[in-house]
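Engineer: Structure file final09.tsv, TSV, C-alpha atoms, is pasted below:
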chain	number	residue	atom	x	y	z
A	6	MET	CA	72.24	-62.86	-101.58
A	7	LYS	CA	69.22	-62.53	-99.21
A	8	ARG	CA	67.42	-65.65	-98.13
A	9	GLN	CA	63.56	-65.62	-98.37
A	10	HIS	CA	61.85	-66.63	-95.13
A	11	SER	CA	58.84	-68.98	-95.40
A	12	GLY	CA	55.80	-68.81	-93.06
A	13	PHE	CA	54.18	-65.97	-91.12
A	14	THR	CA	55.85	-63.47	-88.93
A	15	LEU	CA	54.43	-62.90	-85.44
A	16	VAL	CA	52.90	-59.59	-86.52
A	17	GLU	CA	51.20	-61.19	-89.52
A	18	LEU	CA	49.85	-64.00	-87.35
A	19	LEU	CA	48.43	-61.54	-84.86
A	20	VAL	CA	46.79	-59.57	-87.67
A	21	VAL	CA	45.16	-62.73	-89.06
A	22	ILE	CA	43.89	-63.73	-85.59
A	23	THR	CA	42.49	-60.25	-85.07
A	24	ILE	CA	40.68	-60.33	-88.41
A	25	ILE	CA	39.20	-63.76	-87.62
A	26	GLY	CA	38.06	-62.49	-84.21
A	27	ILE	CA	36.37	-59.47	-85.78
A	28	LEU	CA	34.59	-61.67	-88.35
A	29	MET	CA	33.42	-64.06	-85.64
A	30	GLY	CA	32.15	-61.12	-83.62
A	31	LEU	CA	30.13	-59.98	-86.61
A	32	LEU	CA	28.86	-63.42	-87.61
A	33	ILE	CA	27.78	-64.89	-84.25
A	34	PRO	CA	25.07	-62.25	-83.55
A	35	ALA	CA	23.80	-62.72	-87.10
A	36	VAL	CA	23.62	-66.49	-86.61
A	37	ASN	CA	21.82	-66.06	-83.27
A	38	ALA	CA	19.40	-63.58	-84.85
A	39	ALA	CA	18.67	-66.07	-87.64
A	40	ARG	CA	18.03	-68.80	-85.07
A	41	GLU	CA	15.67	-66.56	-83.10
A	42	THR	CA	13.83	-65.67	-86.29
A	43	ALA	CA	13.36	-69.38	-86.98
A	44	ARG	CA	12.15	-70.01	-83.41
A	45	LYS	CA	9.76	-67.06	-83.62
A	46	SER	CA	8.39	-68.42	-86.90
A	47	GLN	CA	7.91	-71.89	-85.39
A	48	CYS	CA	6.10	-70.33	-82.45
A	49	ALA	CA	3.78	-68.47	-84.83
A	50	THR	CA	3.08	-71.72	-86.69
A	51	ASN	CA	2.16	-73.47	-83.41
A	52	MET	CA	-0.10	-70.53	-82.55
A	53	LYS	CA	-1.80	-70.69	-85.94
A	54	ASN	CA	-2.48	-74.41	-85.51
A	55	LEU	CA	-4.08	-73.71	-82.12
A	56	ALA	CA	-6.38	-71.13	-83.73
A	57	LEU	CA	-7.31	-73.53	-86.55
A	58	ALA	CA	-8.03	-76.23	-83.96
A	59	GLY	CA	-10.32	-73.75	-82.18
A	60	VAL	CA	-12.13	-73.11	-85.46
A	61	GLN	CA	-12.58	-76.88	-85.99
A	62	HIS	CA	-13.87	-77.24	-82.43
A	63	ASP	CA	-16.47	-74.55	-83.14
A	64	VAL	CA	-17.47	-76.15	-86.46
A	65	GLN	CA	-18.02	-79.58	-84.91
A	66	LYS	CA	-19.41	-78.59	-81.50
A	67	ASN	CA	-20.87	-75.16	-82.26
A	68	ALA	CA	-18.82	-73.67	-79.43
A	69	LEU	CA	-15.27	-72.72	-78.58
A	70	PRO	CA	-13.71	-74.63	-75.66
A	71	GLY	CA	-14.06	-73.42	-72.10
A	72	TYR	CA	-10.98	-72.56	-70.10
A	73	ILE	CA	-11.86	-75.44	-67.76
A	74	GLN	CA	-13.95	-78.50	-68.56
A	75	SER	CA	-14.72	-81.92	-67.16
A	76	PHE	CA	-13.70	-84.75	-69.46
A	77	GLY	CA	-15.25	-87.54	-67.42
A	78	THR	CA	-14.43	-89.57	-64.32
A	79	PHE	CA	-12.39	-92.58	-63.35
A	80	ASP	CA	-14.07	-95.05	-61.02
A	81	SER	CA	-12.07	-97.48	-58.93
A	82	GLY	CA	-10.66	-100.28	-60.99
A	83	MET	CA	-7.66	-101.46	-62.91
A	84	ASP	CA	-5.89	-99.22	-65.37
A	85	PRO	CA	-5.94	-101.04	-68.75
A	86	SER	CA	-2.60	-99.45	-69.67
A	87	ASP	CA	-0.94	-100.78	-66.50
A	88	PRO	CA	-2.54	-103.38	-64.17
A	89	ALA	CA	-0.29	-102.18	-61.32
A	90	ASN	CA	-1.89	-98.76	-61.44
A	91	THR	CA	-4.91	-98.55	-59.11
A	92	PRO	CA	-5.63	-94.88	-58.42
A	93	ALA	CA	-8.56	-93.60	-56.40
A	94	ASN	CA	-11.72	-92.24	-58.00
A	95	HIS	CA	-11.14	-88.84	-59.54
A	96	LEU	CA	-12.73	-86.23	-61.76
A	97	LYS	CA	-10.88	-85.45	-64.99
A	98	LEU	CA	-10.75	-81.67	-64.88
A	99	GLY	CA	-8.70	-80.27	-67.73
A	100	THR	CA	-8.14	-77.13	-69.75
A	101	TRP	CA	-9.02	-75.74	-73.16
A	102	ALA	CA	-5.84	-77.43	-74.44
A	103	VAL	CA	-7.23	-80.89	-73.66
A	104	ALA	CA	-10.40	-80.03	-75.59
A	105	LEU	CA	-8.37	-79.14	-78.70
A	106	LEU	CA	-6.24	-82.31	-78.76
A	107	PRO	CA	-8.27	-84.12	-81.48
A	108	TRP	CA	-7.36	-81.35	-83.95
A	109	LEU	CA	-3.73	-81.16	-82.84
A	110	ASP	CA	-2.74	-84.74	-83.71
A	111	GLY	CA	-3.28	-85.72	-80.09
A	112	GLN	CA	-6.16	-88.20	-80.36
A	113	PRO	CA	-4.52	-90.92	-78.18
A	114	THR	CA	-3.95	-88.42	-75.37
A	115	TYR	CA	-7.49	-87.09	-75.77
A	116	GLU	CA	-8.94	-90.58	-75.44
A	117	HIS	CA	-7.00	-91.06	-72.22
A	118	TRP	CA	-8.86	-88.05	-70.86
A	119	THR	CA	-12.31	-88.78	-72.27
A	120	GLN	CA	-12.67	-92.55	-71.85
A	121	ASP	CA	-13.73	-93.38	-68.29
A	122	ARG	CA	-11.74	-96.60	-68.15
A	123	TYR	CA	-8.46	-94.65	-68.25
A	124	PRO	CA	-7.22	-92.65	-65.24
A	125	VAL	CA	-5.26	-89.41	-65.47
A	126	ILE	CA	-3.58	-90.25	-62.15
A	127	THR	CA	-1.01	-92.97	-61.60
A	128	THR	CA	0.32	-94.79	-58.56
A	129	SER	CA	2.43	-97.10	-60.67
A	130	THR	CA	6.19	-96.94	-60.37
A	131	ALA	CA	6.38	-98.84	-63.66
A	132	LEU	CA	4.83	-95.87	-65.46
A	133	GLY	CA	6.58	-93.32	-63.30
A	134	ARG	CA	4.98	-90.37	-61.56
A	135	LEU	CA	5.27	-87.03	-63.26
A	136	ASP	CA	5.70	-85.11	-60.05
A	137	GLY	CA	8.73	-87.20	-59.08
A	138	THR	CA	7.40	-87.85	-55.59
A	139	SER	CA	5.85	-90.72	-53.72
A	140	GLY	CA	2.10	-91.16	-53.77
A	141	GLN	CA	-0.07	-90.25	-56.72
A	142	GLY	CA	0.93	-88.10	-59.68
A	143	MET	CA	-0.30	-87.32	-63.20
A	144	HIS	CA	-0.33	-90.22	-65.63
A	145	PRO	CA	2.40	-89.92	-68.29
A	146	LEU	CA	-0.08	-90.75	-71.08
A	147	ALA	CA	-2.33	-87.91	-69.96
A	148	ALA	CA	0.36	-85.23	-69.73
A	149	PRO	CA	3.07	-85.73	-72.38
A	150	ASN	CA	5.26	-82.94	-73.70
A	151	LEU	CA	3.70	-81.75	-76.98
A	152	SER	CA	5.64	-79.32	-79.14
A	153	ILE	CA	2.45	-77.59	-80.29
A	154	PHE	CA	2.09	-75.98	-76.84
A	155	GLN	CA	5.68	-74.80	-76.58
A	156	CYS	CA	7.48	-71.73	-77.87
A	157	PRO	CA	11.06	-72.76	-78.81
A	158	SER	CA	12.36	-69.45	-77.45
A	159	ASN	CA	10.83	-69.77	-74.00
A	160	PRO	CA	13.52	-70.66	-71.43
A	161	VAL	CA	11.01	-71.01	-68.57
A	162	SER	CA	8.80	-74.02	-67.90
A	163	ARG	CA	6.89	-75.36	-64.93
A	164	GLY	CA	7.68	-79.05	-64.43
A	165	ASN	CA	9.20	-81.58	-66.78
A	166	PHE	CA	5.95	-82.75	-68.37
A	167	GLY	CA	3.10	-81.00	-70.11
A	168	LYS	CA	5.41	-78.07	-70.91
A	169	ASN	CA	3.46	-75.08	-72.07
A	170	SER	CA	3.78	-71.44	-73.06
A	171	MET	CA	0.41	-70.89	-74.77
A	172	VAL	CA	-2.63	-69.23	-73.18
A	173	TYR	CA	-6.28	-68.62	-74.04
A	174	ASN	CA	-8.21	-65.33	-74.09
A	175	ASN	CA	-10.36	-65.58	-70.95
A	176	GLY	CA	-11.80	-62.07	-70.96
A	177	MET	CA	-12.19	-59.67	-68.07
A	178	HIS	CA	-10.70	-59.76	-64.59
A	179	PRO	CA	-13.60	-58.78	-62.31
A	180	ARG	CA	-11.62	-57.07	-59.53
A	181	MET	CA	-9.77	-53.80	-59.21
A	182	GLN	CA	-6.12	-53.57	-58.23
A	183	ASP	CA	-6.92	-53.17	-54.54
A	184	GLY	CA	-9.06	-56.34	-54.56
A	185	THR	CA	-12.40	-54.52	-54.63
A	186	TRP	CA	-15.05	-56.32	-56.67
A	187	LEU	CA	-15.74	-54.19	-59.74
A	188	LEU	CA	-18.88	-56.13	-60.67
A	189	ARG	CA	-21.93	-57.23	-58.72
A	190	ASN	CA	-24.40	-60.08	-58.83
A	191	TYR	CA	-26.83	-58.96	-61.50
A	192	ASN	CA	-29.75	-60.34	-63.47
A	193	GLY	CA	-29.53	-63.75	-61.83
A	194	SER	CA	-25.81	-64.20	-62.47
A	195	SER	CA	-22.84	-63.95	-60.13
A	196	ARG	CA	-20.26	-61.22	-60.61
A	197	LEU	CA	-17.77	-63.83	-61.81
A	198	ILE	CA	-20.19	-65.09	-64.47
A	199	ASN	CA	-21.00	-61.48	-65.43
A	200	SER	CA	-17.29	-60.95	-66.17
A	201	MET	CA	-17.49	-63.80	-68.71
A	202	ASP	CA	-20.21	-62.48	-70.98
A	203	LYS	CA	-19.85	-63.19	-74.69
A	204	ASN	CA	-18.88	-59.60	-75.45
A	205	SER	CA	-15.91	-59.50	-73.10
A	206	GLY	CA	-13.79	-62.59	-73.89
A	207	VAL	CA	-13.52	-65.98	-75.58
A	208	GLY	CA	-12.82	-68.62	-72.92
A	209	THR	CA	-15.52	-69.16	-70.30
A	210	GLN	CA	-15.89	-71.46	-67.30
A	211	GLN	CA	-17.50	-74.65	-68.63
A	212	PHE	CA	-17.53	-76.66	-65.41
A	213	ASN	CA	-19.80	-76.01	-62.42
A	214	SER	CA	-20.91	-72.83	-64.14
A	215	THR	CA	-23.83	-71.13	-65.87
A	216	ALA	CA	-21.57	-69.22	-68.27
A	217	ASP	CA	-22.47	-69.73	-71.93
A	218	PRO	CA	-19.76	-70.91	-74.31
A	219	VAL	CA	-18.60	-68.44	-76.94
A	220	THR	CA	-18.87	-69.23	-80.64
A	221	LEU	CA	-17.16	-67.74	-83.66
A	222	ASP	CA	-20.48	-66.10	-84.55
A	223	ASP	CA	-20.26	-64.14	-81.29
A	224	MET	CA	-17.22	-62.29	-82.63
A	225	LYS	CA	-19.22	-59.29	-83.83
A	226	ASP	CA	-16.10	-57.13	-84.23
A	227	GLY	CA	-14.86	-59.66	-86.77
A	228	LYS	CA	-12.88	-62.87	-86.35
A	229	GLY	CA	-9.74	-61.15	-87.60
A	230	PHE	CA	-10.07	-58.56	-84.82
A	231	THR	CA	-10.67	-61.03	-81.97
A	232	LEU	CA	-7.62	-62.47	-80.23
A	233	MET	CA	-7.86	-66.13	-79.21
A	234	PHE	CA	-4.38	-67.30	-78.19
A	235	SER	CA	-1.09	-65.79	-77.15
A	236	GLU	CA	2.12	-66.73	-75.37
A	237	ASN	CA	2.82	-66.58	-71.66
A	238	VAL	CA	6.19	-67.31	-70.10
A	239	GLN	CA	4.63	-68.24	-66.75
A	240	ALA	CA	1.85	-70.53	-68.06
A	241	LEU	CA	1.26	-73.79	-66.17
A	242	PRO	CA	1.42	-77.19	-67.95
A	243	TRP	CA	-1.16	-77.35	-70.73
A	244	HIS	CA	-3.29	-80.03	-69.05
A	245	ARG	CA	-3.31	-78.57	-65.54
A	246	ALA	CA	-6.46	-76.71	-64.53
A	247	GLY	CA	-5.40	-74.04	-62.06
A	248	PHE	CA	-3.27	-75.35	-59.23
A	249	ALA	CA	-4.91	-78.76	-59.45
A	250	ASN	CA	-3.10	-81.69	-57.89
A	251	THR	CA	-4.16	-85.30	-57.65
A	252	ALA	CA	-5.70	-84.81	-54.20
A	253	ARG	CA	-7.99	-82.07	-55.52
A	254	LEU	CA	-9.03	-84.15	-58.54
A	255	GLN	CA	-10.02	-86.91	-56.12
A	256	GLN	CA	-11.79	-84.37	-53.94
A	257	ALA	CA	-13.73	-83.00	-56.92
A	258	TYR	CA	-15.06	-86.51	-57.64
A	259	THR	CA	-17.35	-86.34	-54.62
A	260	SER	CA	-17.77	-82.63	-53.86
A	261	ILE	CA	-16.80	-79.26	-55.25
A	262	ASN	CA	-15.78	-77.52	-52.04
A	263	GLY	CA	-14.10	-74.15	-51.59
A	264	ASN	CA	-10.61	-75.59	-51.86
A	265	VAL	CA	-11.34	-77.12	-55.27
A	266	ASN	CA	-13.21	-74.02	-56.43
A	267	ASN	CA	-10.47	-71.57	-55.51
A	268	ASN	CA	-7.39	-73.54	-56.51
A	269	VAL	CA	-8.71	-75.34	-59.57
A	270	ILE	CA	-11.83	-73.83	-61.10
A	271	TYR	CA	-11.24	-70.11	-60.58
A	272	GLN	CA	-7.44	-70.10	-60.81
A	273	SER	CA	-7.45	-71.98	-64.12
A	274	ARG	CA	-8.72	-68.79	-65.71
A	275	TYR	CA	-5.32	-67.22	-65.05
A	276	THR	CA	-2.82	-70.08	-65.00
A	277	ASN	CA	-3.56	-71.12	-68.60
A	278	GLY	CA	-5.13	-67.91	-69.81
A	279	MET	CA	-4.82	-64.17	-70.20
A	280	VAL	CA	-7.27	-61.52	-69.04
A	281	TRP	CA	-7.73	-57.77	-69.42
A	282	HIS	CA	-8.27	-55.40	-66.53
A	283	TYR	CA	-10.53	-52.36	-66.06
A	284	GLU	CA	-7.69	-49.94	-66.67
A	285	ASP	CA	-7.00	-47.14	-69.12
A	286	GLU	CA	-3.98	-44.98	-69.93
A	287	LYS	CA	-6.18	-41.86	-69.57
A	288	TYR	CA	-7.71	-42.93	-66.26
A	289	SER	CA	-7.22	-39.47	-64.71
A	290	ASP	CA	-8.73	-37.48	-67.61
A	291	THR	CA	-11.81	-35.84	-66.06
A	292	SER	CA	-13.13	-34.86	-69.49
A	293	LEU	CA	-13.78	-38.54	-70.17
A	294	ALA	CA	-15.97	-39.07	-67.09
A	295	ALA	CA	-19.16	-39.19	-69.17
A	296	TYR	CA	-17.66	-41.76	-71.53
A	297	TRP	CA	-16.50	-44.40	-69.07
A	298	ASN	CA	-18.51	-47.61	-68.99
A	299	GLY	CA	-21.76	-47.58	-67.02
A	300	ALA	CA	-22.95	-51.15	-67.60
A	301	PRO	CA	-25.54	-52.39	-65.04
A	302	GLU	CA	-23.19	-55.24	-64.02
A	303	PHE	CA	-20.94	-52.71	-62.27
A	304	ASP	CA	-21.26	-52.04	-58.55
A	305	PRO	CA	-23.19	-48.73	-58.31
A	306	SER	CA	-21.24	-47.70	-55.20
A	307	LEU	CA	-18.15	-47.29	-57.39
A	308	ALA	CA	-19.81	-44.96	-59.89
A	309	ASN	CA	-18.87	-41.30	-60.25
A	310	PRO	CA	-21.55	-38.54	-60.48
A	311	GLN	CA	-22.00	-39.38	-64.14
A	312	GLY	CA	-23.09	-42.90	-63.18
A	313	LYS	CA	-19.92	-44.29	-64.75
A	314	ILE	CA	-17.01	-46.28	-63.27
A	315	ASN	CA	-13.62	-44.57	-63.41
A	316	PRO	CA	-10.85	-46.96	-64.52
A	317	GLU	CA	-7.52	-47.39	-62.76
A	318	ALA	CA	-4.04	-46.71	-64.11
A	319	VAL	CA	-2.62	-49.50	-66.25
A	320	SER	CA	-0.42	-51.70	-64.06
A	321	ASP	CA	3.03	-52.55	-65.42
A	322	PHE	CA	2.32	-56.21	-64.64
A	323	HIS	CA	-0.81	-56.19	-66.81
A	324	LYS	CA	0.91	-55.00	-69.97
A	325	ILE	CA	2.38	-57.26	-72.64
A	326	ASN	CA	5.62	-58.67	-71.21
A	327	GLY	CA	4.58	-57.12	-67.90
A	328	ARG	CA	7.14	-57.18	-65.09
A	329	GLY	CA	8.20	-55.28	-61.98
A	330	ALA	CA	11.11	-52.98	-61.27
A	331	THR	CA	13.31	-55.41	-59.32
A	332	VAL	CA	15.42	-58.34	-60.52
A	333	SER	CA	13.13	-60.80	-58.76
A	334	GLU	CA	10.23	-59.33	-60.74
A	335	ASP	CA	11.95	-59.73	-64.09
A	336	ILE	CA	9.81	-61.59	-66.60
A	337	PHE	CA	12.02	-64.70	-66.49
A	338	ASN	CA	12.37	-64.71	-62.69
A	339	LEU	CA	8.68	-64.40	-61.86
A	340	ASP	CA	7.10	-67.53	-60.44
A	341	LEU	CA	3.36	-68.10	-60.84
A	342	THR	CA	1.51	-68.41	-57.51
A	343	SER	CA	-2.11	-68.25	-56.44
A	344	ALA	CA	-1.46	-64.73	-55.13
A	345	ASN	CA	-0.10	-63.23	-58.36
A	346	SER	CA	-1.78	-65.43	-61.00
A	347	SER	CA	-4.24	-62.78	-62.24
A	348	SER	CA	-1.45	-60.19	-62.59
A	349	LEU	CA	0.67	-62.57	-64.68
A	350	ALA	CA	-2.25	-63.64	-66.90
A	351	ARG	CA	-1.09	-61.44	-69.76
A	352	PRO	CA	0.71	-62.02	-73.06
A	353	SER	CA	4.44	-62.49	-72.54
A	354	SER	CA	7.29	-64.12	-74.41
A	355	ALA	CA	11.04	-64.43	-74.85
A	356	HIS	CA	10.83	-62.68	-78.22
A	357	VAL	CA	12.16	-59.16	-78.51
A	358	ASP	CA	9.60	-56.38	-77.95
A	359	GLY	CA	6.40	-58.39	-78.30
A	360	VAL	CA	4.46	-61.65	-78.58
A	361	ASN	CA	2.91	-63.91	-81.19
A	362	CYS	CA	-0.90	-63.93	-81.15
A	363	ALA	CA	-3.54	-65.90	-83.05
A	364	PHE	CA	-6.98	-64.61	-84.00
A	365	GLY	CA	-10.42	-66.04	-84.67
A	366	ASP	CA	-9.84	-66.24	-88.41
A	367	GLY	CA	-6.75	-68.42	-87.93
A	368	ALA	CA	-4.30	-65.62	-88.72
A	369	THR	CA	-1.27	-64.84	-86.55
A	370	ARG	CA	0.28	-61.47	-85.83
A	371	PHE	CA	3.23	-60.25	-83.81
A	372	ILE	CA	1.91	-57.71	-81.31
A	373	VAL	CA	4.42	-55.20	-79.98
A	374	GLN	CA	4.59	-54.67	-76.22
A	375	SER	CA	4.16	-50.91	-76.59
A	376	ILE	CA	0.60	-51.39	-77.84
A	377	ASP	CA	-2.04	-49.04	-76.42
A	378	SER	CA	-4.14	-50.70	-73.70
A	379	ARG	CA	-7.36	-49.81	-75.50
A	380	VAL	CA	-6.19	-51.57	-78.64
A	381	LEU	CA	-5.31	-54.70	-76.66
A	382	GLN	CA	-8.71	-54.62	-74.91
A	383	ALA	CA	-10.43	-54.20	-78.27
A	384	MET	CA	-8.58	-57.24	-79.61
A	385	MET	CA	-9.52	-59.34	-76.59
A	386	THR	CA	-13.23	-58.45	-76.70
A	387	PRO	CA	-15.44	-60.06	-79.37
A	388	ARG	CA	-17.80	-57.07	-79.29
A	389	GLY	CA	-16.05	-54.09	-77.79
A	390	LYS	CA	-18.92	-51.58	-77.76
A	391	ALA	CA	-21.12	-53.96	-75.75
A	392	SER	CA	-18.32	-55.25	-73.52
A	393	LEU	CA	-17.24	-54.08	-70.07
A	394	VAL	CA	-14.11	-52.22	-71.22
A	395	PRO	CA	-13.59	-48.78	-69.61
A	396	TYR	CA	-14.02	-46.88	-72.90
A	397	PRO	CA	-16.59	-48.71	-75.06
A	398	GLU	CA	-16.62	-45.87	-77.60
A	399	PHE	CA	-13.22	-46.99	-78.85
A	400	VAL	CA	-13.42	-48.90	-82.14
A	401	LEU	CA	-10.60	-51.00	-83.56
A	402	THR	CA	-9.81	-50.45	-87.25
A	403	ASP	CA	-7.46	-52.01	-89.79
A	404	GLU	CA	-5.08	-49.08	-89.43
A	405	ILE	CA	-4.89	-49.44	-85.62
A	406	GLY	CA	-4.74	-53.23	-85.55
A	407	ASN	CA	-1.86	-53.66	-87.97
For this file, produce the structure as structure tokens.
Structural biologist:
Amino acid sequence: MKRQHSGFTLVELLVVITIIGILMGLLIPAVNAARETARKSQCATNMKNLALAGVQHDVQKNALPGYIQSFGTFDSGMDPSDPANTPANHLKLGTWAVALLPWLDGQPTYEHWTQDRYPVITTSTALGRLDGTSGQGMHPLAAPNLSIFQCPSNPVSRGNFGKNSMVYNNGMHPRMQDGTWLLRNYNGSSRLINSMDKNSGVGTQQFNSTADPVTLDDMKDGKGFTLMFSENVQALPWHRAGFANTARLQQAYTSINGNVNNNVIYQSRYTNGMVWHYEDEKYSDTSLAAYWNGAPEFDPSLANPQGKINPEAVSDFHKINGRGATVSEDIFNLDLTSANSSSLARPSSAHVDGVNCAFGDGATRFIVQSIDSRVLQAMMTPRGKASLVPYPEFVLTDEIGN
């Protein structure tokens, strides 16, 4: 009589292990995909709340925020939040994000910026300096980490405080790829101010500037067709205007010299914003010469015989999720500097094949990175036909935009 053996044989055990391994291999990607979908959805919700905050800002102040603004000053004295903190006089230069804090459940932080008795700089070791170094750094109560400004998928962040991956639509970049000024001083305005007209973008320079703020009523193409916010992997902390440091904020208290202008005022357009460039996919099409933009703000010396300005080829860096060809120029390896800030001021994200964007009507859409440059320009311009885009005859429609 044969005896029945209990348990598994080695072959059976190996088969079971193999089956479990196959199932795990199938399930793990599905779980990761589900997690990314949830992160992408959370990012879109954050973006929508930013757009709604922008709408509320316009309703209450009849203007959308500027990409840089002054929120007051701190004069020498004791910090009410910490008597040991005695920073020097400084100007509170901040970004569009600071302006939106009251509508983003950030009223205490906003008051720290807007009430003159509170500094945004600290010397106190009791509070701790955000830059982790000796001397003066940003005050922790002025630069906390707020989830509303962060995409959960973004693995890149600059600094440990004020983490940010959201940027504002700051309109046109006024130079060509070789550094040549595309625009000129015209009609009493500088070429930089001419690049910020109400037809070409949303965020304008609202400190030491004559640029008018943009309102929702200026979105003549329709609020649902005008992009306000997007993601950017390289964006600087949400509170930081350009490459501002405490020394420059102190400097700006008494004088706005070239160092403050270049590193803080002008650069903040790119470090917490996105811009479009005078480029077109059909830049070499001679049959379009009569249709290129011939606005009087352009430098006449750059015009072709038709009196129009020929656009340049679309740079890979200026596209959605723009990057270079080398490993060091991969989207997650790129480091924002004053030299490359305008090239990296474009929508970018850790999501697959595109970015979340929010529009003037408060709606959010996922924009694919293969989008035509004209469509992206049309979305970033409140009134495309009157803007400085290369091909103002292009009109965005529901079919194109969706």
Engineer: Name the residues in contact with Tyr258 in chain A at a cut-off of 7 Å, using all atoms listed in the file, excluding same-chain residues fewer than 3 positions from it; report them as a list of chain:residue names.
Structural biologist: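 Listed by chain and then number, they are A:Asn94, A:His95, A:Leu96, A:Leu254, A:Gln255.
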Engineer: Skip range 234-238 of chain A itself and residues of its chain fewer than 4 positions away, then list as a PyMOL selection string all residues within 8 Å of it, counting all atoms listed in the file.
Structural biologist: chain A and resi 52+55-56+156+159+161-162+170-174+336-337+350-355+360-364
Engineer: Interatomic distance between CA of His323 in chain A and CA of Ser195 in chain A?
Structural biologist: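 Separation between CA of His323 in chain A and CA of Ser195 in chain A: 24.3 Å.
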Engineer: How would you write as a list in words the residues that get within 6 Å of (-21.8, -39.3, -66.4) in the file's frame, counting all atoms listed in the file?
Structural biologist: Ala294, Ala295, Pro310, Gln311, Gly312 and Lys313 of chain A
Engineer: Determine, for each residue of range 336-379 of chain A having at least one atom at most 9 Å from an atom of range 275-290 of chain A, the closest pair of atoms and their separation in Å to one decimal, counting all atoms listed in the file; order by chain and ascending number, as JSON lines.
Structural biologist:
{"residue": "A:Leu341", "atom": "CA", "partner": "A:Thr276", "partner_atom": "CA", "distance": 7.7}
{"residue": "A:Thr342", "atom": "CA", "partner": "A:Thr276", "partner_atom": "CA", "distance": 8.8}
{"residue": "A:Ser343", "atom": "CA", "partner": "A:Thr276", "partner_atom": "CA", "distance": 8.8}
{"residue": "A:Ser346", "atom": "CA", "partner": "A:Tyr275", "partner_atom": "CA", "distance": 5.7}
{"residue": "A:Ser347", "atom": "CA", "partner": "A:Tyr275", "partner_atom": "CA", "distance": 5.4}
{"residue": "A:Ser348", "atom": "CA", "partner": "A:Tyr275", "partner_atom": "CA", "distance": 8.4}
{"residue": "A:Leu349", "atom": "CA", "partner": "A:Tyr275", "partner_atom": "CA", "distance": 7.6}
{"residue": "A:Ala350", "atom": "CA", "partner": "A:Met279", "partner_atom": "CA", "distance": 4.2}
{"residue": "A:Arg351", "atom": "CA", "partner": "A:Met279", "partner_atom": "CA", "distance": 4.6}
{"residue": "A:Pro352", "atom": "CA", "partner": "A:Met279", "partner_atom": "CA", "distance": 6.6}
{"residue": "A:Asp377", "atom": "CA", "partner": "A:Glu286", "partner_atom": "CA", "distance": 7.9}
{"residue": "A:Ser378", "atom": "CA", "partner": "A:Asp285", "partner_atom": "CA", "distance": 6.5}
{"residue": "A:Arg379", "atom": "CA", "partner": "A:Asp285", "partner_atom": "CA", "distance": 6.9}
Engineer: Hey, can you spit out that residue selection with C-alpha atoms as a PDB file, keeping the file's coordinate frame?
Structural biologist:
ATOM      1  CA  LEU A 341       3.360 -68.100 -60.840  1.00  0.00           C
ATOM      2  CA  THR A 342       1.510 -68.410 -57.510  1.00  0.00           C
ATOM      3  CA  SER A 343      -2.110 -68.250 -56.440  1.00  0.00           C
ATOM      4  CA  SER A 346      -1.780 -65.430 -61.000  1.00  0.00           C
ATOM      5  CA  SER A 347      -4.240 -62.780 -62.240  1.00  0.00           C
ATOM      6  CA  SER A 348      -1.450 -60.190 -62.590  1.00  0.00           C
ATOM      7  CA  LEU A 349       0.670 -62.570 -64.680  1.00  0.00           C
ATOM      8  CA  ALA A 350      -2.250 -63.640 -66.900  1.00  0.00           C
ATOM      9  CA  ARG A 351      -1.090 -61.440 -69.760  1.00  0.00           C
ATOM     10  CA  PRO A 352       0.710 -62.020 -73.060  1.00  0.00           C
ATOM     11  CA  ASP A 377      -2.040 -49.040 -76.420  1.00  0.00           C
ATOM     12  CA  SER A 378      -4.140 -50.700 -73.700  1.00  0.00           C
ATOM     13  CA  ARG A 379      -7.360 -49.810 -75.500  1.00  0.00           C
TER      14      ARG A 379
END
Engineer: Return the single residue from A:Ala148, A:Met181, A:Leu232, A:Ala68 that is closest to Pro218 in chain A, with distances computed using all atoms listed in the file.
Structural biologist: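 That would be A:Ala68, the residue with the smallest distance to Pro218 in chain A.
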Engineer: Calculate how many Å separate CA of Met385 in chain A from CA of Asn175 in chain A, rounding to one decimal.
Structural biologist: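 Computing the Euclidean distance for CA of Met385 in chain A and CA of Asn175 in chain A yields 8.5 Å.
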Engineer: Check which residues of range 104-217 of chain A sit at most 6 Å from range 301-307 of chain A using all atoms listed in the file, and return one row each with the closest pair of atoms and their distance in Å to one decimal, ordered by chain and rising number, as a Markdown table.
Structural biologist:
| residue | atom | partner | partner_atom | distance |
| --- | --- | --- | --- | --- |
| A:Leu187 | CA | A:Phe303 | CA | 6.0 |
| A:Leu188 | CA | A:Phe303 | CA | 4.3 |
| A:Arg189 | CA | A:Asp304 | CA | 5.2 |
| A:Tyr191 | CA | A:Glu302 | CA | 5.8 |
Engineer: By how many Å are CA of Gln182 in chain A and CA of Arg274 in chain A apart?
Structural biologist: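 According to the coordinates, CA of Gln182 in chain A and CA of Arg274 in chain A are separated by 17.2 Å.
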Engineer: Excluding same-chain residues fewer than 5 positions from Met201 in chain A, what lies within 7 Å of it counting all atoms listed in the file, as a VMD selection string?
Structural biologist: chain A and resid 176 to 177 206 209 216
Engineer: Can you work out which one of A:Val207, A:Pro160, A:Gly184, A:Ala344 has the shortest atom-to-atom distance to Lys228 in chain A, counting all atoms listed in the file?
Structural biologist: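 Between A:Val207, A:Pro160, A:Gly184, A:Ala344, the residue approaching Lys228 in chain A most closely is A:Val207.
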Engineer: Would you list the contacts of range 69-81 of chain A as a PyMOL selection string, taking every protein, DNA or RNA residue within 7 Å and counting all atoms listed in the file, but skipping same-chain residues closer than 5 positions in sequence?
Structural biologist: chain A and resi 59+62-63+92-101+104+118-119+121-124+208-212+218-220+246+270+273-274
